[in-house]
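Shown here: model.txt, compact mmCIF, C-alpha atoms.
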# COMPACT_ATOMS: atom_id res chain seq x y z
CA HIS A 1 -12.60 6.55 17.22
CA ARG A 2 -10.38 4.24 15.22
CA LEU A 3 -10.23 0.44 15.46
CA PRO A 4 -8.99 0.29 19.09
CA GLY A 5 -11.70 2.74 20.16
CA TYR A 6 -14.45 0.71 18.53
CA ALA A 7 -13.02 -2.45 20.11
CA ARG A 8 -13.29 -0.77 23.52
CA LEU A 9 -16.92 0.17 22.87
CA HIS A 10 -18.01 -3.29 21.74
CA LEU A 11 -15.57 -5.72 23.39
CA GLY A 12 -14.56 -3.98 26.58
CA ARG A 13 -11.19 -3.26 28.14
CA TRP A 14 -9.37 -6.48 27.20
CA GLY A 15 -10.67 -6.33 23.66
CA ALA A 16 -9.41 -2.76 23.42
CA TRP A 17 -5.91 -3.70 24.61
CA LEU A 18 -5.74 -6.61 22.20
CA ALA A 19 -6.98 -4.51 19.29
CA THR A 20 -4.61 -1.67 20.19
CA GLY A 21 -1.55 -3.93 20.29
CA ALA A 22 -2.43 -5.76 17.08
CA ASN A 23 -3.39 -2.56 15.25
CA LEU A 24 -0.28 -0.60 16.23
CA LEU A 25 2.04 -3.50 15.46
CA GLY A 26 0.38 -4.10 12.10
CA LEU A 27 0.39 -0.44 11.08
CA HIS A 28 4.02 0.13 12.08
CA GLY A 29 5.06 -3.03 10.23
CA ALA A 30 3.17 -1.94 7.12
CA LEU A 31 4.77 1.53 7.21
CA VAL A 32 8.24 -0.03 7.38
CA ALA A 33 7.39 -2.27 4.43
CA TYR A 34 6.16 0.69 2.36
CA LEU A 35 9.25 2.73 3.28
CA LEU A 36 11.60 -0.04 2.13
CA ALA A 37 9.66 -0.75 -1.06
CA GLY A 38 9.16 2.92 -1.92
CA GLY A 39 12.81 3.67 -1.23
CA ALA A 40 13.83 0.83 -3.55
CA PHE A 41 11.59 2.14 -6.35
CA LEU A 42 12.95 5.66 -5.89
CA ARG A 43 16.56 4.44 -5.96
CA ILE A 44 16.02 2.45 -9.17
CA LEU A 45 14.14 5.33 -10.81
CA LEU A 46 16.84 7.90 -10.01
CA ASP A 47 19.82 5.61 -10.55
CA PRO A 48 20.57 6.76 -14.16
CA VAL A 49 20.83 10.42 -13.13
CA LEU A 50 21.40 10.43 -9.36
CA PRO A 51 22.71 7.20 -7.80
CA LEU A 52 21.61 6.87 -4.18
CA SER A 53 22.36 4.34 -1.49
CA SER A 54 19.42 2.38 -0.12
CA SER A 55 19.51 4.38 3.13
CA LEU A 56 19.49 7.75 1.37
CA ALA A 57 16.66 6.63 -0.94
CA VAL A 58 14.54 5.60 2.05
CA LEU A 59 15.32 8.94 3.74
CA ALA A 60 14.39 10.88 0.59
CA TYR A 61 11.11 8.93 0.53
CA LEU A 62 10.45 9.43 4.24
CA VAL A 63 10.97 13.20 4.55
CA PRO A 64 8.14 14.42 2.25
CA GLY A 65 5.84 11.75 3.65
CA ALA A 66 6.56 12.84 7.22
CA LEU A 67 5.94 16.51 6.35
CA LEU A 68 2.65 15.70 4.64
CA LEU A 69 1.55 13.69 7.68
CA LEU A 70 2.36 16.66 9.90
CA TRP A 71 0.42 19.11 7.72
CA GLY A 72 -2.41 16.72 6.92
CA VAL A 73 -3.42 15.29 3.55
CA ARG A 74 -6.91 16.45 2.62
CA ALA A 75 -6.53 15.48 -1.04
CA LEU A 76 -5.62 11.84 -0.30
CA PRO A 77 -8.86 10.36 -1.78
CA LEU A 78 -8.27 12.27 -5.04
CA LEU A 79 -4.65 11.09 -5.07
CA GLU A 80 -5.84 7.51 -4.69
CA LEU A 81 -8.17 7.92 -7.68
CA ASP A 82 -5.33 9.30 -9.80
CA ILE A 83 -3.13 6.35 -8.84
CA LEU A 84 -5.92 3.90 -9.71
CA ALA A 85 -6.21 5.52 -13.14
CA LEU A 86 -2.43 5.21 -13.61
CA PHE A 87 -2.59 1.56 -12.55
CA LEU A 88 -5.26 0.80 -15.14
CA LEU A 89 -3.12 2.60 -17.73
CA VAL A 90 -0.15 0.39 -16.79
CA LEU A 91 -2.32 -2.73 -17.16
CA LEU A 92 -3.23 -1.56 -20.68
CA ILE A 93 0.28 -0.54 -21.75
CA LEU A 94 2.18 -3.55 -20.38
CA PRO A 95 0.47 -6.19 -22.56
CA LEU A 96 1.03 -4.05 -25.66
CA SER A 97 4.67 -3.42 -24.85
CA ALA A 98 5.36 -7.03 -23.83
CA ARG A 99 3.33 -8.88 -26.45
CA ASP A 100 6.53 -10.51 -27.75
CA HIS A 101 7.63 -11.52 -24.25
CA ALA A 102 4.44 -12.67 -22.51
CA VAL A 103 4.04 -16.45 -22.46
CA PHE A 104 1.28 -17.79 -20.22
CA ALA A 105 2.99 -21.18 -20.11
CA ARG A 106 5.54 -19.54 -17.77
CA ILE A 107 2.91 -19.32 -15.04
CA PRO A 108 3.57 -22.24 -12.63
CA LEU A 109 0.29 -23.89 -11.71
CA SER A 110 1.88 -26.90 -10.04
CA GLY A 111 5.24 -28.41 -9.32
CA GLU A 112 7.79 -29.09 -6.62
CA GLY A 113 7.71 -26.57 -3.83
CA MET A 114 4.34 -25.14 -4.87
CA SER A 115 2.02 -24.36 -1.97
CA VAL A 116 -1.09 -22.25 -1.51
CA VAL A 117 0.16 -21.38 1.98
CA VAL A 118 3.35 -19.61 0.83
CA PRO A 119 1.67 -16.51 -0.70
CA TYR A 120 -0.98 -16.31 2.04
CA GLY A 121 0.81 -13.60 4.02
CA VAL A 122 1.44 -11.45 0.96
CA LEU A 123 -2.17 -11.69 -0.19
CA LEU A 124 -3.50 -11.00 3.30
CA PHE A 125 -1.24 -7.94 3.62
CA SER A 126 -2.23 -6.56 0.22
CA LEU A 127 -5.99 -7.01 0.73
CA TRP A 128 -6.28 -6.38 4.47
CA GLY A 129 -7.96 -3.05 5.12
CA LEU A 130 -9.53 -3.42 8.55
CA SER A 131 -7.75 -0.39 10.00
CA LEU A 132 -9.14 1.81 7.21
CA LEU A 133 -12.81 0.95 7.85
CA PRO A 134 -13.37 4.01 10.08
CA GLU A 135 -11.85 6.22 7.36
CA THR A 136 -14.21 4.70 4.79
CA THR A 137 -17.20 5.30 7.03
CA GLU A 138 -16.23 8.95 7.47
CA LEU A 139 -15.83 9.47 3.70
CA VAL A 140 -19.18 7.96 2.66
CA GLY A 141 -21.17 9.00 5.71
CA ARG A 142 -22.77 6.84 8.36
CA SER A 143 -24.93 4.94 5.87
CA ARG A 144 -24.41 1.20 6.42
CA LYS A 145 -25.64 0.39 2.91
CA ARG A 146 -23.26 2.82 1.20
CA SER A 147 -20.35 1.64 3.34
CA LEU A 148 -20.98 -2.00 2.40
CA GLN A 149 -21.27 -1.08 -1.28
CA VAL A 150 -17.98 0.85 -1.23
CA LEU A 151 -16.22 -1.97 0.62
CA ALA A 152 -17.53 -4.63 -1.79
CA VAL A 153 -16.54 -2.65 -4.89
CA GLY A 154 -13.17 -1.73 -3.40
CA LEU A 155 -12.31 -5.29 -2.39
CA GLY A 156 -13.49 -6.71 -5.71
CA THR A 157 -11.47 -4.16 -7.67
CA ALA A 158 -8.36 -4.84 -5.57
CA VAL A 159 -8.64 -8.61 -6.06
CA LEU A 160 -9.18 -8.41 -9.82
CA ALA A 161 -6.40 -5.85 -10.30
CA SER A 162 -3.96 -7.87 -8.18
CA VAL A 163 -4.68 -11.09 -10.05
CA ALA A 164 -4.42 -9.40 -13.46
CA PHE A 165 -1.13 -7.72 -12.57
CA ALA A 166 0.37 -10.90 -11.07
CA VAL A 167 -0.59 -13.02 -14.10
CA LEU A 168 0.77 -10.41 -16.49
CA VAL A 169 4.09 -10.00 -14.66
CA VAL A 170 4.76 -13.73 -14.26
CA SER A 171 3.85 -14.40 -17.90
CA ILE A 172 6.50 -11.83 -18.89
CA THR A 173 9.32 -12.52 -16.45
CA GLY A 174 8.78 -16.19 -15.61
CA GLU A 175 11.60 -17.47 -13.39
CA GLN A 176 13.14 -13.98 -13.40
CA THR A 177 10.20 -12.59 -11.42
CA THR A 178 11.47 -10.55 -8.46
CA GLU A 179 9.88 -9.84 -5.10
CA ASP A 180 8.90 -6.31 -6.12
CA ALA A 181 7.93 -7.39 -9.69
CA LEU A 182 9.09 -4.13 -11.26
CA THR A 183 12.84 -4.77 -11.22
CA GLY A 184 12.21 -8.11 -12.91
CA LEU A 185 10.18 -6.37 -15.61
CA ARG A 186 13.02 -3.92 -16.14
CA ARG A 187 15.45 -6.76 -16.85
CA VAL A 188 13.17 -8.20 -19.52
CA LEU A 189 11.63 -5.08 -21.08
CA GLY A 190 14.41 -2.56 -20.54
CA ASP A 191 13.92 0.99 -19.26
CA GLY A 192 11.18 2.28 -21.64
CA VAL A 193 7.77 1.33 -20.27
CA VAL A 194 9.24 0.12 -16.98
CA VAL A 195 9.84 3.76 -15.98
CA LEU A 196 6.07 4.17 -15.96
CA THR A 197 5.64 1.10 -13.77
CA LEU A 198 8.35 2.36 -11.39
CA ILE A 199 6.60 5.73 -11.08
CA PHE A 200 3.36 3.85 -10.46
CA GLY A 201 5.02 1.70 -7.78
CA LEU A 202 6.47 4.79 -6.13
CA LEU A 203 3.13 6.63 -6.08
CA THR A 204 1.23 3.55 -4.90
CA THR A 205 3.52 2.87 -1.95
CA PHE A 206 3.63 6.59 -1.11
CA SER A 207 -0.15 6.97 -1.05
CA SER A 208 -0.47 3.80 1.05
CA TYR A 209 2.20 5.12 3.40
CA LEU A 210 0.26 8.38 3.82
CA ALA A 211 -3.09 6.62 4.29
CA LEU A 212 -1.80 4.24 6.96
CA GLY A 213 0.33 6.97 8.53
CA LEU A 214 -2.73 9.19 8.96
CA THR A 215 -4.69 6.27 10.41
CA LEU A 216 -1.88 5.57 12.87
CA MET A 217 -1.66 9.25 13.87
CA ARG A 218 -5.40 9.43 14.44
CA THR A 219 -5.28 6.21 16.46
CA TYR A 220 -2.66 7.73 18.76
CA ARG A 221 -4.60 10.99 19.04
CA MET A 222 -8.22 9.76 19.23
CA ASP A 223 -7.86 6.47 21.10
CA LEU A 224 -4.64 6.92 23.10
CA ARG A 225 -5.14 10.68 23.69
CA LEU A 226 -1.60 11.71 22.70
CA SER A 227 -0.69 15.18 21.45
CA LYS A 228 -0.32 15.83 17.73
CA GLY A 229 3.45 16.20 17.96
CA VAL A 230 3.97 12.96 19.87
CA ALA A 231 1.54 11.09 17.59
CA TRP A 232 3.43 12.39 14.53
CA VAL A 233 6.84 11.35 15.87
CA LEU A 234 5.54 7.86 16.68
CA SER A 235 3.92 7.51 13.24
CA ILE A 236 6.81 8.35 10.89

Could you write out this file's structure as structure tokens?
Amino acid sequence: HRLPGYARLHLGRWGAWLATGANLLGLHGALVAYLLAGGAFLRILLDPVLPLSSSLAVLAYLVPGALLLLWGVRALPLLELDILALFLLVLLILPLSARDHAVFARIPLSGEGMSVVVPYGVLLFSLWGLSLLPETTELVGRSRKRSLQVLAVGLGTAVLASVAFAVLVVSITGEQTTEDALTGLRRVLGDGVVVLTLIFGLLTTFSSYLALGLTLMRTYRMDLRLSKGVAWVLSI
């Protein structure tokens, strides 16, 4: 089972329908977001040697992801570990490269238009992992204690890393901070180290796209009983 299947077991028919609708809508929305962000990173990264339109960049990002979803991604947990290591490397390199640019006074703690509600959706999206709970349980076994430990460490690491990265970026770019953070860094720091952050952004969105895509495919196959081909088409 995936989330809709567990909802059916514990909440009954109406709970299953509600969970299915919310889960499918959320997963499809997240996949679209990762496609757009990943395509933007790919376009910026290739722009010096191979200029692409936004549509072509998204297509170039989508095709390998769709093929990997069709074939299955058994090495996804190892890929996630590699990306985490790269992220930590970026967090170490950025302060060294931007030591002449980072000013913590640029971080707005109050002022006109400031609201704790505005970033709520972004934070919820970045930290929400409910649909991946069945995957976590499968990876660590059925042990409730181990699952809780992995979830606590994973959530804590994600929160600390997100806060550290946000503080670092805003202290460097200030009012020039962009929605994807990386293009704003490029304007301030130039191409140099930003290429590393763009590669990191590309790999991060790609791995997230694969993880959620696999979850969506398995939801269609395990809980909605669709064939592999139909589930794949609906998931890309």

Discussion item. Would you compute the distance between atom CA of Leu92 of chain A and atom CA of Val169 of chain A? Give it in Å to one decimal.
Written reply: 12.7 Å

Practice prompt. For Leu86 of chain A, work out the shell of residues within 8 Å, counting only C-alpha atoms and skipping chain neighbours fewer than 4 positions away, then give it as a list of chain:residue names.
Written response: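 So the residues in contact are A:Asp82, A:Val90, A:Phe200.
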
Name all residues at most 9 Å from segment 32-44 of chain A (count all atoms listed in the file; drop same-chain ones fewer than 4 positions away) and give them as a PDB file with C-alpha atoms, in the coordinates of the input.
ATOM      1  CA  LEU A  27       0.390  -0.440  11.080  1.00  0.00           C
ATOM      2  CA  HIS A  28       4.020   0.130  12.080  1.00  0.00           C
ATOM      3  CA  PRO A  48      20.570   6.760 -14.160  1.00  0.00           C
ATOM      4  CA  LEU A  50      21.400  10.430  -9.360  1.00  0.00           C
ATOM      5  CA  PRO A  51      22.710   7.200  -7.800  1.00  0.00           C
ATOM      6  CA  LEU A  52      21.610   6.870  -4.180  1.00  0.00           C
ATOM      7  CA  SER A  53      22.360   4.340  -1.490  1.00  0.00           C
ATOM      8  CA  SER A  54      19.420   2.380  -0.120  1.00  0.00           C
ATOM      9  CA  SER A  55      19.510   4.380   3.130  1.00  0.00           C
ATOM     10  CA  LEU A  56      19.490   7.750   1.370  1.00  0.00           C
ATOM     11  CA  ALA A  57      16.660   6.630  -0.940  1.00  0.00           C
ATOM     12  CA  VAL A  58      14.540   5.600   2.050  1.00  0.00           C
ATOM     13  CA  LEU A  59      15.320   8.940   3.740  1.00  0.00           C
ATOM     14  CA  ALA A  60      14.390  10.880   0.590  1.00  0.00           C
ATOM     15  CA  TYR A  61      11.110   8.930   0.530  1.00  0.00           C
ATOM     16  CA  LEU A  62      10.450   9.430   4.240  1.00  0.00           C
ATOM     17  CA  ASP A 180       8.900  -6.310  -6.120  1.00  0.00           C
ATOM     18  CA  LEU A 182       9.090  -4.130 -11.260  1.00  0.00           C
ATOM     19  CA  THR A 183      12.840  -4.770 -11.220  1.00  0.00           C
ATOM     20  CA  LEU A 198       8.350   2.360 -11.390  1.00  0.00           C
ATOM     21  CA  ILE A 199       6.600   5.730 -11.080  1.00  0.00           C
ATOM     22  CA  GLY A 201       5.020   1.700  -7.780  1.00  0.00           C
ATOM     23  CA  LEU A 202       6.470   4.790  -6.130  1.00  0.00           C
ATOM     24  CA  LEU A 203       3.130   6.630  -6.080  1.00  0.00           C
ATOM     25  CA  THR A 204       1.230   3.550  -4.900  1.00  0.00           C
ATOM     26  CA  THR A 205       3.520   2.870  -1.950  1.00  0.00           C
ATOM     27  CA  PHE A 206       3.630   6.590  -1.110  1.00  0.00           C
ATOM     28  CA  SER A 208      -0.470   3.800   1.050  1.00  0.00           C
ATOM     29  CA  TYR A 209       2.200   5.120   3.400  1.00  0.00           C
TER      30      TYR A 209
END

Worksheet entry | Separation of atom CA of Leu224 of chain A from atom CA of Leu155 of chain A, in Å and rounded to one decimal |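 Taking atom CA of Leu224 of chain A and atom CA of Leu155 of chain A, their separation equals 29.3 Å.
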
Discussion item. Taking only C-alpha atoms into account, name the residue in A:Asp47, A:Val170, A:Leu81, A:Leu214 that is nearest to Val233 of chain A.
Written reply: A:Leu214

Padding 3 Å on every side, please: axis-aligned box over the listed atoms of segment 37-40 of chain A, centre and edge lengths to one decimal in Å, as AutoDock Vina command-line options.
--center_x 11.5 --center_y 1.5 --center_z -2.3 --size_x 10.7 --size_y 10.4 --size_z 8.5
